$ cat start08.txt   # compact mmCIF, C-alpha atoms
# COMPACT_ATOMS: atom_id res chain seq x y z
CA MET H 971 247.23 140.69 218.32
CA PHE H 972 248.33 143.91 219.96
CA THR H 973 248.20 143.32 223.71
CA HIS H 974 249.62 145.37 226.56
CA ALA H 975 251.26 144.27 229.80
CA ARG H 976 248.73 146.03 232.03
CA ARG H 977 245.73 144.61 230.22
CA ARG H 978 242.99 142.76 232.07
CA PHE H 979 241.59 140.33 229.51
CA LEU H 980 237.99 139.42 228.94
CA ALA H 981 236.75 136.02 229.94
CA PHE H 982 236.58 134.71 226.41
CA ALA H 983 235.39 131.18 227.07
CA THR H 984 231.81 132.40 226.84
CA VAL H 985 232.64 134.41 223.71
CA GLY H 986 233.83 131.30 221.93
CA THR H 987 230.69 129.51 223.03
CA VAL H 988 228.30 132.13 221.70
CA ILE H 989 230.10 132.35 218.36
CA CYS H 990 229.60 128.62 217.80
CA THR H 991 226.19 128.07 219.35
CA ALA H 992 224.73 131.22 217.85
CA GLY H 993 226.06 130.16 214.47
CA PHE H 994 228.08 133.30 213.85
CA MET H 995 230.90 131.52 212.07
CA PRO H 996 231.69 133.49 208.88
CA SER H 997 230.03 132.17 205.73
CA VAL H 998 231.98 131.19 202.63
CA SER H 999 231.27 134.59 201.11
CA GLN H 1000 232.77 136.27 204.18
CA ALA H 1001 235.83 134.10 204.88
CA ALA H 1002 237.13 131.24 202.78
CA ASP H 1003 239.46 129.64 205.30
CA SER H 1004 241.21 130.15 208.62
CA SER H 1005 244.48 131.60 207.33
CA GLY H 1006 245.91 134.04 204.82
CA ASP H 1007 243.51 136.37 203.05
CA GLY H 1008 240.39 134.59 204.31
CA GLU H 1009 241.06 134.99 208.02
CA MET H 1010 238.21 133.82 210.23
CA LYS H 1011 237.56 136.17 213.13
CA GLY H 1012 235.81 135.97 216.47
CA SER H 1013 234.92 139.08 218.40
CA TYR H 1014 236.68 142.39 217.79
CA ALA H 1015 237.72 142.51 221.45
CA GLU H 1016 239.21 139.02 221.38
CA THR H 1017 241.16 139.66 218.19
CA HIS H 1018 242.60 142.97 219.38
CA GLY H 1019 243.16 142.14 223.06
CA LEU H 1020 240.57 144.57 224.38
CA THR H 1021 238.93 144.52 227.80
CA THR H 1022 235.27 145.28 228.46
CA ASP H 1023 236.34 148.75 229.62
CA ASP H 1024 238.31 149.25 226.39
CA VAL H 1025 235.27 148.37 224.30
CA ARG H 1026 233.06 150.65 226.37
CA HIS H 1027 235.49 153.56 225.89
CA ILE H 1028 235.74 152.89 222.14
CA ASN H 1029 231.97 152.75 221.69
CA THR H 1030 231.43 155.86 223.80
CA LEU H 1031 234.00 157.83 221.81
CA ASN H 1032 232.50 156.61 218.54
CA GLU H 1033 229.12 157.93 219.65
CA ARG H 1034 230.64 161.25 220.73
CA ALA H 1035 232.13 161.58 217.27
CA LEU H 1036 228.60 161.93 215.93
CA LEU H 1037 228.01 165.17 217.81
CA PRO H 1038 227.14 167.93 215.33
CA GLY H 1039 229.97 170.27 214.51
CA ALA H 1040 233.70 169.81 214.85
CA GLY H 1041 233.84 172.13 217.86
CA ALA H 1042 231.64 169.88 219.95
CA LEU H 1043 233.63 166.90 218.76
CA PHE H 1044 237.05 168.24 219.65
CA ARG H 1045 235.91 169.44 223.07
CA ALA H 1046 234.88 165.92 224.05
CA SER H 1047 236.71 164.78 227.17
CA ASP H 1048 238.56 161.50 226.60
CA ASP H 1049 242.04 159.95 226.65
CA ARG H 1050 242.40 160.20 222.88
CA GLU H 1051 245.48 162.08 221.68
CA THR H 1052 246.28 163.71 218.36
CA PRO H 1053 249.35 162.09 216.76
CA PRO H 1054 252.28 164.48 216.41
CA ALA H 1055 253.24 166.00 213.09
CA GLU H 1056 255.69 164.14 210.87
CA PRO H 1057 258.32 165.79 208.63
CA LEU H 1058 257.12 166.05 205.06
CA ASP H 1059 260.39 164.73 203.63
CA ARG H 1060 260.69 161.67 205.90
CA MET H 1061 260.03 158.39 204.11
CA PRO H 1062 257.93 155.70 205.83
CA ASP H 1063 259.25 152.37 207.01
CA ALA H 1064 257.96 149.09 205.58
CA TYR H 1065 254.73 147.82 207.13
CA ARG H 1066 254.67 144.43 208.86
CA ALA H 1067 252.71 142.10 206.59
CA TYR H 1068 251.06 138.79 207.40
CA GLY H 1069 248.70 137.00 205.04
CA GLY H 1070 246.11 139.45 203.80
CA ARG H 1071 246.98 142.28 206.20
CA ALA H 1072 249.83 144.74 206.70
CA THR H 1073 250.11 146.84 209.85
CA THR H 1074 252.01 149.87 211.07
CA ASP H 1075 251.94 152.56 213.74
CA VAL H 1076 249.99 155.75 213.20
CA GLY H 1077 253.09 157.95 212.79
CA ASN H 1078 254.39 155.75 209.99
CA TYR H 1079 250.99 155.84 208.31
CA ILE H 1080 251.11 159.65 208.42
CA ARG H 1081 254.52 159.54 206.72
CA LYS H 1082 253.18 157.24 203.99
CA TRP H 1083 250.06 159.38 203.61
CA GLN H 1084 252.22 162.47 203.10
CA GLN H 1085 254.30 160.71 200.43
CA VAL H 1086 251.45 158.98 198.56
CA TYR H 1087 247.99 160.29 199.46
CA SER H 1088 248.45 163.93 200.43
CA GLN H 1089 248.72 165.65 197.08
CA ARG H 1090 246.61 168.69 196.30
CA ASP H 1091 246.95 169.88 192.72
CA GLY H 1092 250.10 167.79 192.29
CA LYS H 1093 251.89 169.03 195.42
CA LYS H 1094 252.60 166.98 198.51
CA GLN H 1095 251.08 168.32 201.70
CA GLN H 1096 251.97 167.80 205.33
CA MET H 1097 249.06 166.30 207.24
CA THR H 1098 247.47 169.17 209.11
CA GLU H 1099 246.61 169.21 212.80
CA GLU H 1100 242.91 168.99 211.90
CA GLN H 1101 243.53 165.94 209.72
CA ARG H 1102 245.63 164.30 212.44
CA GLU H 1103 242.84 165.06 214.91
CA LYS H 1104 240.37 163.25 212.68
CA LEU H 1105 242.78 160.38 212.14
CA SER H 1106 243.12 159.87 215.91
CA TYR H 1107 239.60 158.38 216.04
CA GLY H 1108 240.85 155.06 214.71
CA CYS H 1109 239.01 153.11 212.00
CA VAL H 1110 236.50 155.87 211.32
CA GLY H 1111 239.34 158.39 211.63
CA VAL H 1112 241.16 156.90 208.64
CA THR H 1113 238.08 157.30 206.46
CA TRP H 1114 237.33 160.70 207.96
CA ALA H 1115 240.82 162.09 207.31
CA ASN H 1116 240.67 160.89 203.71
CA SER H 1117 237.09 161.81 202.82
CA GLY H 1118 237.02 165.30 204.35
CA PRO H 1119 233.59 165.48 206.03
CA TYR H 1120 232.59 162.98 208.69
CA PRO H 1121 231.17 159.90 206.92
CA THR H 1122 227.41 160.30 206.70
CA ASN H 1123 226.69 156.81 205.26
CA LYS H 1124 223.66 158.05 203.32
CA LEU H 1125 224.57 156.50 199.99
CA ALA H 1126 225.07 152.83 200.92
CA PHE H 1127 224.92 149.65 198.83
CA ALA H 1128 224.79 145.96 199.66
CA PHE H 1129 223.67 142.64 198.17
CA PHE H 1130 221.22 140.28 199.86
CA ASP H 1131 220.34 136.91 198.31
CA GLU H 1132 216.62 136.75 198.99
CA ASN H 1133 216.19 133.31 197.39
CA LYS H 1134 219.02 131.83 199.41
CA TYR H 1135 217.53 133.25 202.60
CA LYS H 1136 214.05 131.88 201.92
CA ASN H 1137 215.34 128.47 200.82
CA GLU H 1138 217.57 128.10 203.88
CA LEU H 1139 214.72 128.98 206.20
CA LYS H 1140 212.57 126.30 204.56
CA SER H 1141 215.13 123.54 204.11
CA ALA H 1142 217.27 123.93 207.23
CA GLY H 1143 216.52 124.40 210.89
CA PRO H 1144 218.18 125.56 214.08
CA ARG H 1145 221.38 123.80 215.05
CA ARG H 1146 221.64 121.95 218.32
CA GLY H 1147 221.30 124.49 221.13
CA GLU H 1148 220.35 127.25 218.69
CA THR H 1149 217.11 129.18 219.17
CA GLN H 1150 214.87 130.23 216.31
CA ALA H 1151 216.07 133.83 216.69
CA GLU H 1152 219.71 132.73 216.46
CA PHE H 1153 218.92 130.58 213.43
CA GLU H 1154 217.14 133.36 211.55
CA GLY H 1155 219.90 135.86 212.37
CA ARG H 1156 222.59 133.46 211.15
CA ILE H 1157 220.80 132.69 207.89
CA ALA H 1158 220.26 136.41 207.25
CA LYS H 1159 223.94 137.15 207.82
CA GLU H 1160 225.01 134.33 205.51
CA SER H 1161 222.68 135.64 202.78
CA PHE H 1162 224.62 138.88 202.43
CA ASP H 1163 227.39 138.80 199.82
CA GLU H 1164 229.91 141.58 200.46
CA GLU H 1165 231.78 141.11 197.20
CA LYS H 1166 228.58 141.64 195.18
CA GLY H 1167 227.66 144.62 197.37
CA PHE H 1168 231.08 146.13 196.75
CA LYS H 1169 230.76 145.50 193.01
CA ARG H 1170 227.40 147.28 192.96
CA ALA H 1171 228.90 150.32 194.69
CA ARG H 1172 231.82 150.36 192.25
CA ASP H 1173 229.52 150.14 189.23
CA VAL H 1174 227.36 153.00 190.49
CA ALA H 1175 230.43 155.13 191.33
CA SER H 1176 231.68 154.54 187.78
CA VAL H 1177 228.37 155.81 186.36
CA MET H 1178 228.52 158.85 188.64
CA ASN H 1179 232.07 159.65 187.60
CA LYS H 1180 231.13 159.47 183.93
CA ALA H 1181 228.21 161.82 184.60
CA LEU H 1182 230.54 164.28 186.36
CA GLU H 1183 232.76 164.68 183.29
CA ASN H 1184 232.28 168.10 181.67
CA ALA H 1185 229.28 168.81 183.89
CA HIS H 1186 229.89 172.32 185.18
CA ASP H 1187 226.58 172.69 186.99
CA GLU H 1188 224.41 170.36 189.06
CA GLY H 1189 221.58 170.24 186.52
CA THR H 1190 223.90 168.98 183.78
CA TYR H 1191 225.34 166.37 186.13
CA LEU H 1192 221.88 165.06 187.04
CA ASP H 1193 220.81 164.99 183.38
CA ASN H 1194 223.98 163.06 182.50
CA LEU H 1195 223.40 160.70 185.40
CA ARG H 1196 219.81 159.88 184.39
CA THR H 1197 220.88 159.38 180.78
CA GLU H 1198 223.63 156.95 181.77
CA LEU H 1199 221.30 155.01 184.07
CA THR H 1200 218.57 154.89 181.42
CA ASN H 1201 221.01 153.61 178.80
CA ARG H 1202 222.03 150.86 181.22
CA ASN H 1203 218.43 150.11 182.20
CA ASP H 1204 219.47 150.63 185.83
CA ALA H 1205 216.67 150.80 188.42
CA LEU H 1206 218.33 153.83 190.03
CA ARG H 1207 217.00 155.94 187.18
CA ASP H 1208 213.58 155.76 188.86
CA GLU H 1209 214.73 157.10 192.23
CA ASP H 1210 212.91 160.24 193.34
CA SER H 1211 214.81 163.42 192.49
CA SER H 1212 215.05 164.29 196.19
CA SER H 1213 216.37 160.87 197.22
CA ASN H 1214 219.78 160.36 198.82
CA PHE H 1215 221.02 159.05 195.50
CA TYR H 1216 220.35 162.19 193.49
CA SER H 1217 221.06 164.64 196.32
CA ALA H 1218 224.38 163.06 197.34
CA LEU H 1219 226.64 165.50 195.49
CA ARG H 1220 224.93 168.68 196.66
CA ASN H 1221 225.03 167.42 200.25
CA THR H 1222 228.80 166.90 200.18
CA PRO H 1223 230.44 169.86 201.99
CA SER H 1224 233.59 169.90 199.83
CA PHE H 1225 231.42 170.32 196.71
CA LYS H 1226 230.46 173.78 197.96
CA GLU H 1227 233.92 174.87 199.18
CA ARG H 1228 235.96 177.27 197.09
CA ASP H 1229 239.08 175.09 197.32
CA GLY H 1230 236.96 171.98 196.67
CA GLY H 1231 234.26 171.67 194.04
CA ASN H 1232 233.17 175.32 194.14
CA TYR H 1233 229.74 174.13 192.88
CA ASP H 1234 231.36 172.67 189.75
CA PRO H 1235 230.55 168.91 189.54
CA SER H 1236 233.35 168.31 187.03
CA ARG H 1237 235.83 169.07 189.83
CA MET H 1238 234.55 166.17 191.96
CA LYS H 1239 234.90 162.39 191.89
CA ALA H 1240 232.94 159.56 193.48
CA VAL H 1241 234.91 157.33 195.83
CA ILE H 1242 234.11 154.40 198.13
CA TYR H 1243 234.46 153.38 201.75
CA SER H 1244 232.88 150.59 203.78
CA LYS H 1245 231.24 150.12 207.15
CA HIS H 1246 230.64 146.96 209.17
CA PHE H 1247 227.95 147.16 211.85
CA TRP H 1248 225.25 145.25 213.75
CA SER H 1249 221.67 144.90 212.49
CA GLY H 1250 219.79 144.70 215.82
CA GLN H 1251 219.85 148.38 216.75
CA ASP H 1252 216.23 148.94 217.74
CA ARG H 1253 216.45 149.49 221.50
CA GLN H 1254 212.67 149.26 221.73
CA GLY H 1255 212.52 146.01 219.79
CA SER H 1256 213.13 142.37 220.60
CA SER H 1257 216.09 141.63 222.87
CA ASP H 1258 216.77 138.50 220.79
CA LYS H 1259 217.24 140.66 217.67
CA ARG H 1260 219.67 142.90 219.53
CA LYS H 1261 221.66 139.80 220.55
CA TYR H 1262 221.42 137.65 217.43
CA GLY H 1263 220.53 140.04 214.63
CA ASP H 1264 217.43 141.45 213.00
CA PRO H 1265 216.82 139.54 209.72
CA ASP H 1266 214.72 142.37 208.29
CA ALA H 1267 217.01 145.28 209.17
CA PHE H 1268 219.30 147.11 206.74
CA ARG H 1269 218.45 144.92 203.78
CA PRO H 1270 219.15 146.53 200.40
CA ASP H 1271 216.44 147.31 197.90
CA GLN H 1272 216.41 144.29 195.60
CA ALA H 1273 216.28 146.43 192.45
CA THR H 1274 218.75 149.22 193.24
CA GLY H 1275 220.99 147.76 195.96
CA LEU H 1276 220.44 150.90 198.07
CA VAL H 1277 220.45 150.41 201.85
CA ASP H 1278 218.38 152.72 204.04
CA MET H 1279 220.85 153.69 206.78
CA SER H 1280 218.54 156.19 208.50
CA LYS H 1281 218.04 153.83 211.46
CA ASP H 1282 221.75 153.22 211.97
CA ARG H 1283 222.45 154.54 215.47
CA ASN H 1284 225.90 152.95 215.83
CA THR H 1285 224.44 150.68 218.51
CA PRO H 1286 226.58 147.62 219.27
CA ARG H 1287 225.39 144.07 219.55
CA SER H 1288 223.92 143.24 222.97
CA PRO H 1289 225.74 140.60 225.07
CA ALA H 1290 224.01 137.24 225.31
CA ASN H 1291 226.43 135.85 227.91
CA PRO H 1292 228.59 137.25 230.74
CA GLY H 1293 231.96 138.63 229.66
CA GLU H 1294 230.98 139.57 226.11
CA ALA H 1295 231.78 142.99 224.72
CA TRP H 1296 230.97 144.06 221.19
CA VAL H 1297 232.36 147.04 219.23
CA ASN H 1298 229.73 149.16 217.48
CA PHE H 1299 231.34 149.53 214.03
CA ASP H 1300 234.39 149.24 211.80
CA TYR H 1301 235.24 151.49 208.83
CA GLY H 1302 237.49 150.76 205.84
CA TRP H 1303 238.74 153.32 203.28
CA PHE H 1304 238.95 152.29 199.61
CA GLY H 1305 239.01 155.50 197.58
CA ALA H 1306 239.03 155.02 193.81
CA GLN H 1307 241.32 152.07 193.21
CA ALA H 1308 241.21 150.76 189.65
CA GLU H 1309 242.11 147.14 190.45
CA ALA H 1310 239.37 145.01 188.84
CA ASP H 1311 239.83 141.94 191.05
CA ALA H 1312 238.10 142.63 194.38
CA ASP H 1313 240.43 140.22 196.20
CA LYS H 1314 243.43 142.38 195.21
CA THR H 1315 241.96 145.67 196.44
CA ILE H 1316 243.33 147.25 199.64
CA TRP H 1317 241.23 148.59 202.54
CA THR H 1318 242.79 150.94 205.08
CA HIS H 1319 241.44 150.84 208.64
CA ALA H 1320 242.68 150.73 212.24
CA ASN H 1321 242.36 148.89 215.55
CA HIS H 1322 241.05 151.71 217.81
CA TYR H 1323 241.48 155.39 218.62
CA HIS H 1324 244.92 156.73 219.50
CA ALA H 1325 245.48 156.65 223.26
CA PRO H 1326 249.21 155.97 223.77
CA ASN H 1327 249.21 156.99 227.44
CA SER H 1328 246.26 154.83 228.49
CA ASP H 1329 245.73 151.11 228.98
CA LEU H 1330 244.16 151.02 225.52
CA GLY H 1331 247.45 151.98 223.89
CA PRO H 1332 248.48 153.55 220.59
CA MET H 1333 246.54 153.27 217.37
CA ARG H 1334 247.65 150.80 214.70
CA VAL H 1335 246.77 151.25 211.03
CA TYR H 1336 245.98 148.29 208.77
CA GLU H 1337 246.00 147.72 205.05
CA SER H 1338 243.89 144.64 204.36
CA LYS H 1339 243.04 142.82 201.18
CA PHE H 1340 239.33 142.58 200.47
CA ARG H 1341 238.90 138.99 201.62
CA ASN H 1342 240.47 139.88 204.97
CA TRP H 1343 238.44 143.09 205.31
CA SER H 1344 235.12 141.50 204.35
CA ALA H 1345 235.58 138.56 206.76
CA GLY H 1346 234.45 140.92 209.52
CA TYR H 1347 233.97 139.95 213.17
CA ALA H 1348 231.22 138.38 215.28
CA ASP H 1349 230.39 141.96 216.33
CA PHE H 1350 228.95 142.72 212.89
CA ASP H 1351 226.39 141.06 210.63
CA ARG H 1352 226.11 143.79 207.99
CA GLY H 1353 228.64 145.20 205.55
CA ALA H 1354 227.66 148.22 203.44
CA TYR H 1355 229.66 149.98 200.74
CA MET H 1356 229.27 153.75 200.64
CA ILE H 1357 229.79 156.31 197.90
CA THR H 1358 230.90 159.83 198.74
CA PHE H 1359 232.51 162.64 196.76
CA ILE H 1360 235.88 164.35 197.05
CA PRO H 1361 237.57 166.97 194.83
CA LYS H 1362 239.57 165.49 191.95
CA SER H 1363 242.51 167.62 193.05
CA TRP H 1364 242.84 165.48 196.19
CA ASN H 1365 245.12 162.52 195.60
CA ILE H 1366 243.86 160.58 198.63
CA ALA H 1367 242.13 158.00 196.44
CA PRO H 1368 244.94 156.75 194.15
CA ALA H 1369 244.07 154.24 191.45
CA LYS H 1370 246.87 151.91 192.57
CA VAL H 1371 247.42 151.01 196.23
CA THR H 1372 250.27 148.73 197.28
CA GLN H 1373 249.79 146.89 200.53
CA GLY H 1374 252.35 148.00 203.12
CA TRP H 1375 255.30 149.68 201.47
CA PRO H 1376 257.40 148.32 198.56
$ encode --input "start08.txt" --output "structure tokens"
Amino acid sequence: MFTHARRRFLAFATVGTVICTAGFMPSVSQAADSSGDGEMKGSYAETHGLTTDDVRHINTLNERALLPGAGALFRASDDRETPPAEPLDRMPDAYRAYGGRATTDVGNYIRKWQQVYSQRDGKKQQMTEEQREKLSYGCVGVTWANSGPYPTNKLAFAFFDENKYKNELKSAGPRRGETQAEFEGRIAKESFDEEKGFKRARDVASVMNKALENAHDEGTYLDNLRTELTNRNDALRDEDSSSNFYSALRNTPSFKERDGGNYDPSRMKAVIYSKHFWSGQDRQGSSDKRKYGDPDAFRPDQATGLVDMSKDRNTPRSPANPGEAWVNFDYGWFGAQAEADADKTIWTHANHYHAPNSDLGPMRVYESKFRNWSAGYADFDRGAYMITFIPKSWNIAPAKVTQGWP
């Protein structure tokens, strides 16, 4: 979509071949058709006009972003640039909308953010240099700038249809030219239902937010949470007290900050973001699983929906053919939208990090409807929906989000 005159394009003939022969066409649950909200997608590089060098730079920078501590992060040497400040009183221009996606440049997104998402205690705030620095990292930067701490992905949910997976393995077989590893990876991918995974995350976030009400200490919050889960006969009630589920709030940095939660749970709210990634991340494991997916990796617990993300190393899919290049992840910010229909929800993400003076080019920000967001790319075979906490005084998770700008 967003190409540049100096760009040297990938040889995508082989990419198209592997998408078809490996069976990585999106399933019905991922993309309903080839236009509008259910846009089918090939590789991330192909869709965004990225070269193999571009993908390598993006993946390398994404990995650098995981370095502990902001100081180490900001000292990283790269061609990323922090977007300049925008006047607080300048209104944004309308986004360019097509089908299920609206797009704009990063400066215009900052202007919209300042008008709509920036409020602290009812007052609009100019996006700070630190926030713009975070934003400059692209897709993860959007989530990072809105959530406060770098996304840790510890509280993740998904839905995997175990019966569908087993039945497909028994009743179907590899397609022509498809190996057993490709077949099993494809069936596993098609057995994930992102809409049901998203719904599970929303339901759990709703329970958490109810438990936060009038809970002025962590003990009261946890008691409220267990009571709510018990009343609903939810399997999460049986999670160990030290599990990621019950320790999520105390491990959120803004919960401890004086201008955040200040150790008062009632000042916090549970919000949602999403991550798309590749399952075959075990560098010591089978090369076929790194190329075509690991059917057993990152499956949710069937009772709770929780996904163990401890083995997520942000490792991209391995090329199976010459000329392939796969991006290691994609993040989408949701916040706390109240829209009940998943297809009408809006997910904010981006194409890549901001590098206006390089061949990669400037960052573009997207607002996608759920069907467009969940369609994913051939780079990813997993979609998880994460819960994190932000102070209620932050208005970066508005209940109503309008795609683009009215």
$ axis_aligned_box --input "start08.txt" --around "segment 1277-1293 of chain H" --padding-each-side "4 Å" --output "AutoDock Vina command-line options"
--center_x 225.0 --center_y 146.0 --center_z 216.3 --size_x 21.9 --size_y 28.3 --size_z 36.9
$ closest_residue --input "start08.txt" --among "H:Ser1211, H:Ser1249, H:Asn1298, H:Asn1201" --to "Cys1109 of chain H" --atoms "all atoms listed in the file"
H:Asn1298
$ atom_distance --input "start08.txt" --atom1 "atom CA of Glu1188 of chain H" --atom2 "atom CA of Trp1303 of chain H"
26.4 Å
$ closest_atom_pairs --input "start08.txt" --of "segment 1208-1321 of chain H" --to "segment 1354-1368 of chain H" --cutoff "12 Å" --atoms "all atoms listed in the file" --output "CSV"
residue,atom,partner,partner_atom,distance
H:Asn1214,CA,H:Ile1357,CA,10.8
H:Phe1215,CA,H:Ile1357,CA,9.5
H:Tyr1216,CA,H:Ile1357,CA,12.0
H:Ser1217,CA,H:Thr1358,CA,11.2
H:Ala1218,CA,H:Thr1358,CA,7.4
H:Leu1219,CA,H:Phe1359,CA,6.7
H:Arg1220,CA,H:Phe1359,CA,9.7
H:Asn1221,CA,H:Phe1359,CA,9.5
H:Thr1222,CA,H:Phe1359,CA,6.6
H:Pro1223,CA,H:Phe1359,CA,9.2
H:Ser1224,CA,H:Ile1360,CA,6.6
H:Phe1225,CA,H:Pro1361,CA,7.3
H:Lys1226,CA,H:Pro1361,CA,10.3
H:Glu1227,CA,H:Pro1361,CA,9.7
H:Arg1228,CA,H:Pro1361,CA,10.7
H:Asp1229,CA,H:Pro1361,CA,8.6
H:Gly1230,CA,H:Pro1361,CA,5.4
H:Gly1231,CA,H:Pro1361,CA,5.8
H:Asn1232,CA,H:Pro1361,CA,9.5
H:Tyr1233,CA,H:Pro1361,CA,10.8
H:Asp1234,CA,H:Pro1361,CA,9.8
H:Pro1235,CA,H:Pro1361,CA,9.0
H:Ser1236,CA,H:Lys1362,CA,8.4
H:Arg1237,CA,H:Lys1362,CA,5.6
H:Met1238,CA,H:Pro1361,CA,4.2
H:Lys1239,CA,H:Phe1359,CA,5.4
H:Ala1240,CA,H:Phe1359,CA,4.5
H:Val1241,CA,H:Thr1358,CA,5.5
H:Ile1242,CA,H:Ile1357,CA,4.7
H:Tyr1243,CA,H:Met1356,CA,5.3
H:Ser1244,CA,H:Tyr1355,CA,4.5
H:Lys1245,CA,H:Ala1354,CA,5.5
H:His1246,CA,H:Ala1354,CA,6.6
H:Phe1247,CA,H:Ala1354,CA,8.5
H:Trp1248,CA,H:Ala1354,CA,11.0
H:Ser1249,CA,H:Ala1354,CA,11.3
H:Phe1268,CA,H:Ala1354,CA,9.1
H:Arg1269,CA,H:Ala1354,CA,9.8
H:Pro1270,CA,H:Ala1354,CA,9.2
H:Gly1275,CA,H:Ala1354,CA,10.0
H:Leu1276,CA,H:Ala1354,CA,9.4
H:Val1277,CA,H:Ala1354,CA,7.7
H:Asp1278,CA,H:Ala1354,CA,10.3
H:Met1279,CA,H:Ala1354,CA,9.4
H:Asp1282,CA,H:Ala1354,CA,11.5
H:Phe1299,CA,H:Ala1354,CA,11.3
H:Asp1300,CA,H:Ala1354,CA,10.8
H:Tyr1301,CA,H:Ala1354,CA,9.9
H:Gly1302,CA,H:Tyr1355,CA,9.4
H:Trp1303,CA,H:Ala1367,CA,9.0
H:Phe1304,CA,H:Ala1367,CA,7.3
H:Gly1305,CA,H:Ala1367,CA,4.2
H:Ala1306,CA,H:Ala1367,CA,5.0
H:Gln1307,CA,H:Pro1368,CA,6.0
H:Ala1308,CA,H:Pro1368,CA,8.4
H:Glu1309,CA,H:Pro1368,CA,10.7
H:Thr1315,CA,H:Pro1368,CA,11.7
H:Ile1316,CA,H:Pro1368,CA,11.1
H:Trp1317,CA,H:Ala1367,CA,11.3
H:Thr1318,CA,H:Ala1367,CA,11.2
$ closest_residue --input "start08.txt" --among "H:Asn1342, H:Gln1150, H:Ser1141, H:Thr1074" --to "Asp1264 of chain H" --atoms "all atoms listed in the file"
H:Gln1150
$ atom_distance --input "start08.txt" --atom1 "atom CA of Thr1098 of chain H" --atom2 "atom CA of Ala1115 of chain H"
9.9 Å
$ residues_around --input "start08.txt" --residues "Tyr1347 of chain H" --least-positions-apart "3" --cutoff "7 Å" --atoms "only C-alpha atoms" --output "list of chain:residue names"
H:Lys1011, H:Gly1012, H:Ser1013, H:Tyr1014, H:Phe1350
$ closest_residue --input "start08.txt" --among "H:Phe1340, H:Thr1030, H:Ser1213, H:Ala1345" --to "Lys1124 of chain H" --atoms "only C-alpha atoms"
H:Ser1213
$ closest_residue --input "start08.txt" --among "H:Arg1156, H:Arg1050, H:Arg1172, H:Arg1287" --to "Glu1103 of chain H" --atoms "only C-alpha atoms"
H:Arg1050
$ residues_near_point --input "start08.txt" --point "(211.6, 131.6, 213.1)" --cutoff "12 Å" --atoms "all atoms listed in the file" --output "PDB file with C-alpha atoms, in the coordinates of the input"
ATOM      1  CA  LYS H1136     214.050 131.880 201.920  1.00  0.00           C
ATOM      2  CA  GLU H1138     217.570 128.100 203.880  1.00  0.00           C
ATOM      3  CA  LEU H1139     214.720 128.980 206.200  1.00  0.00           C
ATOM      4  CA  LYS H1140     212.570 126.300 204.560  1.00  0.00           C
ATOM      5  CA  ALA H1142     217.270 123.930 207.230  1.00  0.00           C
ATOM      6  CA  GLY H1143     216.520 124.400 210.890  1.00  0.00           C
ATOM      7  CA  PRO H1144     218.180 125.560 214.080  1.00  0.00           C
ATOM      8  CA  GLU H1148     220.350 127.250 218.690  1.00  0.00           C
ATOM      9  CA  THR H1149     217.110 129.180 219.170  1.00  0.00           C
ATOM     10  CA  GLN H1150     214.870 130.230 216.310  1.00  0.00           C
ATOM     11  CA  ALA H1151     216.070 133.830 216.690  1.00  0.00           C
ATOM     12  CA  GLU H1152     219.710 132.730 216.460  1.00  0.00           C
ATOM     13  CA  PHE H1153     218.920 130.580 213.430  1.00  0.00           C
ATOM     14  CA  GLU H1154     217.140 133.360 211.550  1.00  0.00           C
ATOM     15  CA  GLY H1155     219.900 135.860 212.370  1.00  0.00           C
ATOM     16  CA  ARG H1156     222.590 133.460 211.150  1.00  0.00           C
ATOM     17  CA  ILE H1157     220.800 132.690 207.890  1.00  0.00           C
ATOM     18  CA  ALA H1158     220.260 136.410 207.250  1.00  0.00           C
ATOM     19  CA  ASP H1258     216.770 138.500 220.790  1.00  0.00           C
ATOM     20  CA  LYS H1259     217.240 140.660 217.670  1.00  0.00           C
ATOM     21  CA  ASP H1264     217.430 141.450 213.000  1.00  0.00           C
ATOM     22  CA  PRO H1265     216.820 139.540 209.720  1.00  0.00           C
TER      23      PRO H1265
END
$ closest_residue --input "start08.txt" --among "H:Gly1353, H:Pro1054, H:Gly1019, H:Gly1070" --to "Gly1374 of chain H" --atoms "only C-alpha atoms"
H:Gly1070
